[in-house]
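A.B. asks: Dropping in work.txt, with compact mmCIF, C-alpha atoms and all ligand atoms.
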```
# COMPACT_ATOMS: atom_id res chain seq x y z
CA MET D 183 0.00 0.00 0.00
CA SER D 184 1.43 3.40 -0.90
CA ALA D 185 1.92 5.96 1.86
CA VAL D 186 -0.55 8.77 2.47
CA ALA D 187 0.85 12.26 3.10
CA MET D 188 0.83 13.01 6.82
CA SER D 189 1.69 16.21 8.74
CA ALA D 190 4.18 16.19 11.64
CA VAL D 191 1.20 16.36 14.03
CA ALA D 192 -0.49 13.36 12.37
CA ALA D 193 2.85 11.50 12.46
CA ALA D 194 3.02 12.25 16.24
CA ALA D 195 6.64 13.34 15.83
CA TYR D 196 8.30 13.93 19.20
CA LEU D 197 11.76 15.28 19.99
CA HIS D 198 13.79 12.10 20.45
CA HIS D 199 17.41 13.27 20.47
CA MET D 200 19.59 16.13 19.30
CA GLU D 201 23.21 16.92 18.63
CA LEU D 202 25.16 19.82 20.07
CA THR D 203 28.55 20.75 18.72
CA SER D 204 31.38 22.03 20.87
CA ALA D 205 35.06 22.91 20.66
CA ASP D 206 35.44 20.73 23.77
CA PRO D 207 32.96 17.86 23.37
CA ALA D 208 34.51 15.81 26.19
CA ARG D 209 33.85 18.59 28.70
CA LEU D 210 30.29 19.07 27.45
CA ALA D 211 29.55 15.32 27.56
CA GLU D 212 30.88 15.17 31.13
CA PHE D 213 28.46 17.96 32.12
CA TYR D 214 25.39 16.18 30.73
CA ASP D 215 26.55 12.92 32.34
CA ARG D 216 27.04 14.44 35.79
CA VAL D 217 24.40 17.16 35.90
CA MET D 218 21.60 15.87 33.66
CA GLN D 219 22.04 12.18 34.57
CA MET D 220 22.79 11.20 30.94
CA ARG D 221 25.55 8.62 30.92
CA ALA D 222 28.25 9.59 28.41
CA GLU D 223 29.92 7.05 26.15
CA LYS D 224 32.38 7.70 23.39
CA LEU D 225 30.88 7.18 19.94
CA GLY D 226 33.83 7.39 17.59
CA ALA D 227 36.48 10.08 17.39
CA ASP D 228 35.36 13.39 18.92
CA ARG D 229 31.76 12.26 19.39
CA TRP D 230 29.90 11.28 22.55
CA ILE D 231 26.45 9.96 23.23
CA CYS D 232 24.79 10.95 26.51
CA ARG D 233 21.76 8.89 27.53
CA GLY D 234 19.37 9.05 30.46
CA ALA D 235 15.72 8.17 30.98
CA ASP D 236 13.99 9.24 27.73
CA ARG D 237 16.71 11.75 26.97
CA THR D 238 19.54 11.36 24.50
CA LEU D 239 22.06 13.92 23.36
CA LEU D 240 24.95 13.59 20.94
CA VAL D 241 27.94 15.87 21.46
CA SER D 242 30.34 16.32 18.56
CA LYS D 243 33.41 18.39 17.84
CA GLY D 244 32.56 21.66 16.12
CA ARG D 245 31.49 25.21 16.79
CA ASP D 246 30.53 26.08 20.39
CA LYS D 247 26.86 26.60 21.22
CA ALA D 248 25.69 25.24 17.88
CA LEU D 249 23.10 22.67 17.00
CA GLY D 250 24.19 19.70 14.89
CA PHE D 251 20.57 18.65 14.35
CA ALA D 252 17.29 18.04 16.18
CA ALA D 253 15.79 14.59 15.60
CA PHE D 254 12.10 13.74 15.94
CA ALA D 255 10.79 10.17 16.08
CA CYS D 256 7.51 9.39 14.27
CA ARG D 257 4.96 6.95 15.67
CA ASP D 258 5.59 4.24 13.05
CA ALA D 259 7.00 3.56 9.55
CA GLU D 260 3.73 4.50 7.84
CA ALA D 261 3.79 7.89 9.58
CA LEU D 262 7.44 8.47 8.66
CA ASP D 263 6.81 7.68 4.97
CA GLY D 264 3.67 9.84 5.08
CA LEU D 265 5.56 12.76 6.58
CA ARG D 266 8.25 12.55 3.90
CA LEU D 267 5.51 12.79 1.24
CA TYR D 268 3.95 15.70 3.11
CA VAL D 269 7.24 17.63 3.27
CA GLU D 270 7.99 16.95 -0.41
CA GLY D 271 4.47 18.12 -1.29
CA HIS D 272 4.98 21.37 0.63
CA LYS D 273 8.18 22.52 -1.06
CA GLY D 274 10.52 20.94 1.48
CA VAL D 275 13.91 19.75 0.27
CA ILE D 276 14.67 16.27 1.60
CA GLU D 277 18.22 15.62 2.77
CA LYS D 278 19.95 12.54 4.10
CA SER D 279 19.61 12.09 7.85
CA PRO D 280 22.82 12.94 9.74
CA SER D 281 21.76 10.90 12.81
CA PRO D 282 23.51 7.61 13.61
CA LEU D 283 20.57 6.71 15.87
CA PHE D 284 17.96 6.39 13.12
CA ASP D 285 18.06 3.87 10.27
CA ASP D 286 18.20 4.70 6.55
CA ARG D 287 14.48 5.45 6.31
CA ALA D 288 15.13 8.70 8.22
CA PHE D 289 15.37 12.03 6.41
CA ALA D 290 16.15 15.66 7.19
CA ALA D 291 14.78 19.04 6.11
CA ARG D 292 16.43 22.36 6.80
CA ASP D 293 14.55 25.40 8.15
CA PRO D 294 15.16 28.89 6.69
CA GLU D 295 17.86 29.58 9.32
CA GLY D 296 19.71 26.39 8.32
CA ASN D 297 18.75 24.20 11.32
CA ALA D 298 18.60 20.53 10.32
CA ILE D 299 15.36 18.88 11.48
CA VAL D 300 15.50 15.09 11.22
CA PHE D 301 12.62 12.60 11.24
CA GLY D 302 13.02 8.87 11.81
CA LEU D 303 12.01 5.87 13.87
CA ALA D 304 13.27 5.18 17.37
CA LYS D 305 15.18 1.90 17.17
CA THR D 306 15.84 1.27 20.81
CA PRO D 307 14.26 2.62 23.97
CA ALA D 308 16.22 5.41 25.65
CA GLY D 309 18.64 4.28 28.36
CA GLU D 310 16.11 4.29 31.18
CA SER D 311 17.23 3.97 34.75
CA SER D 312 14.77 4.10 37.64
CA ARG D 313 17.30 6.16 39.60
CA ASP D 314 17.21 8.98 37.05
CA ILE D 315 15.14 12.04 37.90
CA ARG D 316 12.30 12.28 35.39
CA GLY D 317 12.94 14.62 32.45
CA PRO D 318 12.35 13.43 28.89
CA LEU D 319 13.83 15.64 26.18
CA GLN D 320 10.78 17.65 25.09
CA HIS D 321 11.38 20.83 23.07
CA ILE D 322 13.98 22.88 21.29
CA THR D 323 13.93 26.59 20.52
CA PHE D 324 15.78 28.73 18.02
CA GLY D 325 16.75 32.35 17.68
CA SER D 326 15.71 33.78 14.33
CA THR D 327 16.23 37.08 12.56
CA ASP D 328 13.00 36.64 10.59
CA LEU D 329 10.19 34.65 12.17
CA VAL D 330 7.75 34.79 9.26
CA PRO D 331 9.54 32.26 7.00
CA MET D 332 10.46 30.20 10.07
CA GLU D 333 6.80 29.89 11.10
CA LYS D 334 5.88 29.07 7.51
CA PHE D 335 8.46 26.26 7.37
CA TYR D 336 7.38 24.59 10.62
CA ALA D 337 3.63 25.12 10.16
CA GLU D 338 3.31 24.59 6.41
CA THR D 339 6.28 22.55 5.19
CA LEU D 340 6.45 20.21 8.20
CA GLY D 341 2.79 20.46 9.20
CA MET D 342 3.31 21.34 12.85
CA ALA D 343 0.40 23.12 14.53
CA LEU D 344 0.74 26.77 15.48
CA THR D 345 -0.10 27.15 19.18
CA ASP D 346 0.70 30.71 20.24
CA ARG D 347 2.34 33.88 18.96
CA VAL D 348 3.81 36.84 20.84
CA LYS D 349 3.59 40.25 19.14
CA ASP D 350 5.00 43.66 20.05
CA ALA D 351 3.08 46.95 20.07
CA ASN D 352 3.76 47.38 16.34
CA GLY D 353 2.24 44.01 15.49
CA ARG D 354 5.64 42.43 14.80
CA MET D 355 5.84 38.77 15.79
CA THR D 356 8.58 38.27 18.41
CA THR D 357 7.95 34.65 19.42
CA CYS D 358 6.15 31.72 17.86
CA PHE D 359 5.35 28.26 19.25
CA VAL D 360 4.51 25.18 17.20
CA ARG D 361 3.79 21.61 18.22
CA SER D 362 3.97 18.18 16.65
CA THR D 363 2.32 16.43 19.61
CA HIS D 364 -0.42 17.39 22.11
CA GLU D 365 2.19 19.34 24.13
CA HIS D 366 2.07 23.14 23.78
CA HIS D 367 5.31 23.35 21.82
CA THR D 368 7.91 20.94 20.57
CA VAL D 369 9.63 23.82 18.72
CA GLY D 370 9.74 27.49 19.65
CA MET D 371 11.38 30.43 17.94
CA PHE D 372 12.38 33.85 19.23
CA LEU D 373 13.17 36.97 17.25
CA LYS D 374 16.80 37.74 18.10
CA PRO D 375 19.66 39.77 16.65
CA GLU D 376 21.33 36.46 15.74
CA ALA D 377 19.99 33.13 14.54
CA GLY D 378 21.00 29.89 16.27
CA LEU D 379 20.10 27.61 19.12
CA ASP D 380 18.23 29.37 21.93
CA HIS D 381 17.67 26.52 24.42
CA HIS D 382 16.49 22.94 24.77
CA SER D 383 14.19 21.58 27.44
CA TYR D 384 13.51 18.49 29.53
CA GLU D 385 9.96 18.00 30.80
CA ALA D 386 9.93 16.93 34.45
CA GLY D 387 6.12 16.64 34.46
CA GLU D 388 5.42 17.83 38.00
CA TRP D 389 6.48 20.71 40.23
CA THR D 390 7.81 18.30 42.86
CA THR D 391 10.14 16.83 40.25
CA ILE D 392 11.56 20.31 39.58
CA ARG D 393 12.16 20.39 43.35
CA ASP D 394 14.12 17.10 43.00
CA TRP D 395 16.15 18.58 40.14
CA GLY D 396 16.80 21.69 42.28
CA ASP D 397 18.05 19.54 45.17
CA HIS D 398 20.25 17.55 42.78
CA LEU D 399 21.68 20.71 41.19
CA GLY D 400 22.29 22.21 44.63
CA GLN D 401 24.27 19.18 45.73
CA LEU D 402 26.43 19.58 42.61
CA HIS D 403 26.76 23.36 43.18
CA GLU D 404 25.29 23.93 39.72
CA PRO D 405 23.50 27.28 39.86
CA ILE D 406 20.01 27.88 38.55
CA VAL D 407 20.47 30.89 36.25
CA TRP D 408 16.77 31.69 35.65
CA GLY D 409 13.69 30.74 37.60
CA PRO D 410 11.86 29.14 39.17
CA GLY D 411 9.12 30.78 37.17
CA ARG D 412 6.13 30.05 35.00
CA HIS D 413 5.93 30.82 31.29
CA GLY D 414 2.77 32.47 29.94
CA PRO D 415 2.57 30.55 26.66
CA GLY D 416 2.69 26.85 27.58
CA ASN D 417 1.91 27.64 31.24
CA ASN D 418 4.97 25.56 32.16
CA LEU D 419 6.96 25.92 35.35
CA PHE D 420 10.67 26.22 34.72
CA ILE D 421 14.22 26.52 35.90
CA PHE D 422 17.21 27.12 33.63
CA ILE D 423 20.85 26.15 33.99
CA LYS D 424 23.82 26.80 31.69
CA ASP D 425 26.15 24.14 30.34
CA PRO D 426 29.93 24.85 30.15
CA ASP D 427 29.58 26.14 26.57
CA GLY D 428 26.91 28.60 27.68
CA ASN D 429 23.93 26.73 26.18
CA MET D 430 20.74 27.41 28.13
CA VAL D 431 19.13 24.19 29.40
CA GLU D 432 15.56 24.21 30.70
CA ILE D 433 13.86 21.86 33.12
CA SER D 434 10.11 22.34 32.79
CA ALA D 435 6.92 20.92 34.29
CA GLU D 436 3.18 21.10 33.71
CA ILE D 437 3.46 22.10 30.04
CA GLU D 438 -0.03 22.68 28.62
CA TYR D 439 -1.70 19.86 26.71
CA VAL D 440 -3.39 21.52 23.75
CA ARG D 441 -6.63 20.07 22.50
CA ASP D 442 -9.25 22.30 20.91
CA ARG D 443 -8.47 25.96 21.25
CA PRO D 444 -7.70 28.84 18.93
CA VAL D 445 -4.19 30.24 18.49
CA LYS D 446 -3.60 32.78 21.21
CA GLU D 447 -1.75 36.07 20.82
CA TRP D 448 0.37 37.32 23.73
CA LYS D 449 1.84 40.76 24.44
CA HIS D 450 5.61 41.15 24.13
CA GLU D 451 6.45 41.91 27.76
CA PRO D 452 8.44 40.29 30.59
CA TYR D 453 5.31 38.89 32.28
CA THR D 454 4.51 36.87 29.15
CA LEU D 455 7.87 35.10 29.38
CA ASN D 456 7.63 34.69 33.13
CA SER D 457 4.33 35.31 34.87
CA TRP D 458 6.21 35.27 38.20
CA GLY D 459 8.44 38.21 37.25
CA PRO D 460 12.05 38.32 36.04
CA ALA D 461 12.38 37.50 32.34
CA ILE D 462 15.24 37.01 29.93
CA MET D 463 14.03 39.08 27.00
CA ARG D 464 15.52 38.02 23.67
CA ILE D 465 14.79 41.36 22.03
FE FE R 1 11.50 26.31 26.68
```
Show me the file's structure as structure tokens.
Ligand SMILES: [Fe+2]

C.D. replies:
Amino acid sequence: MSAVAMSAVAAAAYLHHMELTSADPARLAEFYDRVMQMRAEKLGADRWICRGADRTLLVSKGRDKALGFAAFACRDAEALDGLRLYVEGHKGVIEKSPSPLFDDRAFAARDPEGNAIVFGLAKTPAGESSRDIRGPLQHITFGSTDLVPMEKFYAETLGMALTDRVKDANGRMTTCFVRSTHEHHTVGMFLKPEAGLDHHSYEAGEWTTIRDWGDHLGQLHEPIVWGPGRHGPGNNLFIFIKDPDGNMVEISAEIEYVRDRPVKEWKHEPYTLNSWGPAIMRI
């Protein structure tokens, strides 16, 4: 039976793993092993794989604070084939998948800022350990110098659903959230002076699990650099830490499950980013 075109939402594509690049990948891998409970193993020359409960990160030699790729797993082979047809039918250019964790059915498409978004099938369950604090890899966000083509790529070419937008007093979009699952966003994008990775996030599920992360980070003397707070869009509770390269890493809980509701527009102001007060404004 031939595949039927399927959007990223219909394919239930969830953020499965991602690759960061670093001038010092050994140091970065050690951080994710120790702080984020993702056991690091060497995966060839200058490449590490860090795996915890439902969270996997590849760290490779390259530019600091840069994304290698973000990889989404589809619910099954029919969905993956359907999504490829969908992307091809919406002017997406299919590239070979750069991920060693997906098989050769996987493919990639590049957003207008050059970020490689990969889709494939999860071969093996993540390296679960009951001792790990809960925190599946859940979303990734980008800085962008022009959000309009970025939104178009994620919403139209990949078929993610637009959840919320933030606009300034002049009507200019400053933030945009899209989702490929029922969770408020699996990708977010912020208007910034420079394009690139903004942050990635692990979803702890419950406030008390953020408490457990806070206790764990405190024992390691790893400072929380933003939060605790609650985002407006997504309604998620959060804390942020910084890895040794300066990448912002979020631990979130209670992210909104979106069912039937219209796209909401938020005001560009600190209280939208953090309804409890202090905000890191991107622009
Ligand atoms: Fe986030």

A.B. asks: Go through D:Phe420, D:Trp448, D:Tyr439, D:Phe289 and flag the residue nearest ligand FE 1 (chain R), using only C-alpha atoms and all ligand atoms for the distances.

C.D. replies: D:Phe420

A.B. asks: Taking all atoms listed in the file into account, which residues have an atom no farther than 7 Å from ligand FE 1 (chain R)? I'd like them as a list in words.

C.D. replies: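 Checked against 7 Å with all atoms listed in the file; the hits are His321, Ile322, Thr323, His381, His382, Ser383 and Glu432 of chain D.
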
A.B. asks: Could you jot down the CA of Phe372 in chain D to CA of Thr357 in chain D separation for me, Å, one decimal place?

C.D. replies: 4.5 Å

A.B. asks: Which residue gives the smallest distance to Leu329 in chain D among D:Phe359, D:Trp389, D:Trp395, D:Phe284, with all atoms listed in the file counted?

C.D. replies: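 Among the listed residues, the smallest separation from Leu329 in chain D belongs to D:Phe359.
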
A.B. asks: Select, counting all atoms listed in the file, all protein, DNA and RNA residues no farther than 8 Å from (23.3, 29.2, 16.5) in file coordinates, and express the selection as a PyMOL selection string.

C.D. replies: chain D and resi 247-249+324-325+376-380

A.B. asks: Point out the residue among D:Ile462, D:Ala190, D:Leu399, D:Val360 with the least atom-to-atom distance to Gly302 in chain D, counting only C-alpha atoms.

C.D. replies: D:Ala190

A.B. asks: Give me the residues near range 251-254 of chain D as a list in words, where near means some atom within 6 Å (using only C-alpha atoms) and where sequence neighbours in that chain fewer than 6 positions away do not count.

C.D. replies: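 Non-adjacent residues within range: Ala195, Tyr196, Leu197, His198, His199, Met200, Glu201, Ala298, Ile299, Val300 and Phe301 of chain D.
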
A.B. asks: Pull C-alpha atoms from the residues just selected and write them as an mmCIF file, in the coordinates of the input.

C.D. replies:
```cif
data_model
loop_
_atom_site.group_PDB
_atom_site.id
_atom_site.type_symbol
_atom_site.label_atom_id
_atom_site.label_comp_id
_atom_site.auth_asym_id
_atom_site.auth_seq_id
_atom_site.Cartn_x
_atom_site.Cartn_y
_atom_site.Cartn_z
ATOM 1 C CA ALA D 195 6.640 13.340 15.830
ATOM 2 C CA TYR D 196 8.300 13.930 19.200
ATOM 3 C CA LEU D 197 11.760 15.280 19.990
ATOM 4 C CA HIS D 198 13.790 12.100 20.450
ATOM 5 C CA HIS D 199 17.410 13.270 20.470
ATOM 6 C CA MET D 200 19.590 16.130 19.300
ATOM 7 C CA GLU D 201 23.210 16.920 18.630
ATOM 8 C CA ALA D 298 18.600 20.530 10.320
ATOM 9 C CA ILE D 299 15.360 18.880 11.480
ATOM 10 C CA VAL D 300 15.500 15.090 11.220
ATOM 11 C CA PHE D 301 12.620 12.600 11.240
#
```

A.B. asks: Could you tell me how far CA of Val269 in chain D lies from CA of Leu340 in chain D, in Å and to one decimal?

C.D. replies: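 The value is 5.6 Å.
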
A.B. asks: Mind pulling up the distance from CA of Leu419 in chain D to CA of Gly353 in chain D?

C.D. replies: 27.3 Å

A.B. asks: Nearest to Thr339 in chain D: which of D:Ala255, D:Leu210, D:Ala291, D:Met355 is it, counting only C-alpha atoms?

C.D. replies: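 Closest to Thr339 in chain D, using only C-alpha atoms: D:Ala291.
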
A.B. asks: Kindly indicate which residue among D:Val191, D:Cys256, D:Tyr384, D:Pro405 lies nearest to Leu239 in chain D, using all atoms listed in the file for the distances.

C.D. replies: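 When distances to Leu239 in chain D are compared using all atoms listed in the file, the smallest one comes from D:Tyr384.
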
A.B. asks: Could you check which of D:Arg443, D:Ala288, D:Pro375, D:Trp408 is closest to Thr345 in chain D, using all atoms listed in the file?

C.D. replies: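 Residue with the minimum atom-to-atom distance to Thr345 in chain D: D:Arg443.
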
A.B. asks: Within 10 Å of (16.4, 20.9, 2.1) (file coordinates; all atoms listed in the file), which protein or nucleic acid residues are there? I'd like them as a PyMOL selection string.

C.D. replies: chain D and resi 269-270+273-278+289-294+296+298-299

A.B. asks: Once N, CA and C atoms are restored for range 288-306 of chain D, what would the output be as a CSV table (one decimal), in the frame of the given file?

C.D. replies:
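Generated output (selection.csv):
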```csv
chain,number,residue,atom,x,y,z
D,288,ALA,N,15.2,7.3,7.7
D,288,ALA,CA,15.1,8.7,8.2
D,288,ALA,C,15.5,9.7,7.1
D,289,PHE,N,15.0,10.9,7.3
D,289,PHE,CA,15.4,12.0,6.4
D,289,PHE,C,15.5,13.3,7.2
D,290,ALA,N,16.0,14.3,6.5
D,290,ALA,CA,16.2,15.7,7.2
D,290,ALA,C,15.6,16.7,6.3
D,291,ALA,N,15.2,17.8,6.9
D,291,ALA,CA,14.8,19.0,6.1
D,291,ALA,C,15.4,20.2,6.9
D,292,ARG,N,15.7,21.2,6.2
D,292,ARG,CA,16.4,22.4,6.8
D,292,ARG,C,15.5,23.6,6.9
D,293,ASP,N,15.4,24.2,8.0
D,293,ASP,CA,14.6,25.4,8.2
D,293,ASP,C,15.3,26.6,7.5
D,294,PRO,N,14.5,27.7,7.4
D,294,PRO,CA,15.2,28.9,6.7
D,294,PRO,C,16.4,29.4,7.4
D,295,GLU,N,16.6,29.1,8.6
D,295,GLU,CA,17.9,29.6,9.3
D,295,GLU,C,19.0,28.5,9.2
D,296,GLY,N,18.7,27.4,8.5
D,296,GLY,CA,19.7,26.4,8.3
D,296,GLY,C,19.7,25.3,9.4
D,297,ASN,N,18.8,25.3,10.3
D,297,ASN,CA,18.8,24.2,11.3
D,297,ASN,C,18.3,22.9,10.7
D,298,ALA,N,19.0,21.8,10.9
D,298,ALA,CA,18.6,20.5,10.3
D,298,ALA,C,17.6,19.8,11.2
D,299,ILE,N,16.4,19.6,10.7
D,299,ILE,CA,15.4,18.9,11.5
D,299,ILE,C,15.2,17.5,10.9
D,300,VAL,N,15.4,16.5,11.7
D,300,VAL,CA,15.5,15.1,11.2
D,300,VAL,C,14.2,14.4,11.7
D,301,PHE,N,13.7,13.4,10.8
D,301,PHE,CA,12.6,12.6,11.2
D,301,PHE,C,13.0,11.1,11.0
D,302,GLY,N,12.7,10.3,11.9
D,302,GLY,CA,13.0,8.9,11.8
D,302,GLY,C,12.2,8.0,12.8
D,303,LEU,N,12.7,6.8,13.0
D,303,LEU,CA,12.0,5.9,13.9
D,303,LEU,C,13.0,5.5,15.0
D,304,ALA,N,12.4,5.5,16.2
D,304,ALA,CA,13.3,5.2,17.4
D,304,ALA,C,13.5,3.7,17.3
D,305,LYS,N,14.8,3.3,17.3
D,305,LYS,CA,15.2,1.9,17.2
D,305,LYS,C,15.2,1.2,18.5
D,306,THR,N,15.7,1.9,19.5
D,306,THR,CA,15.8,1.3,20.8
D,306,THR,C,15.3,2.2,21.9
```
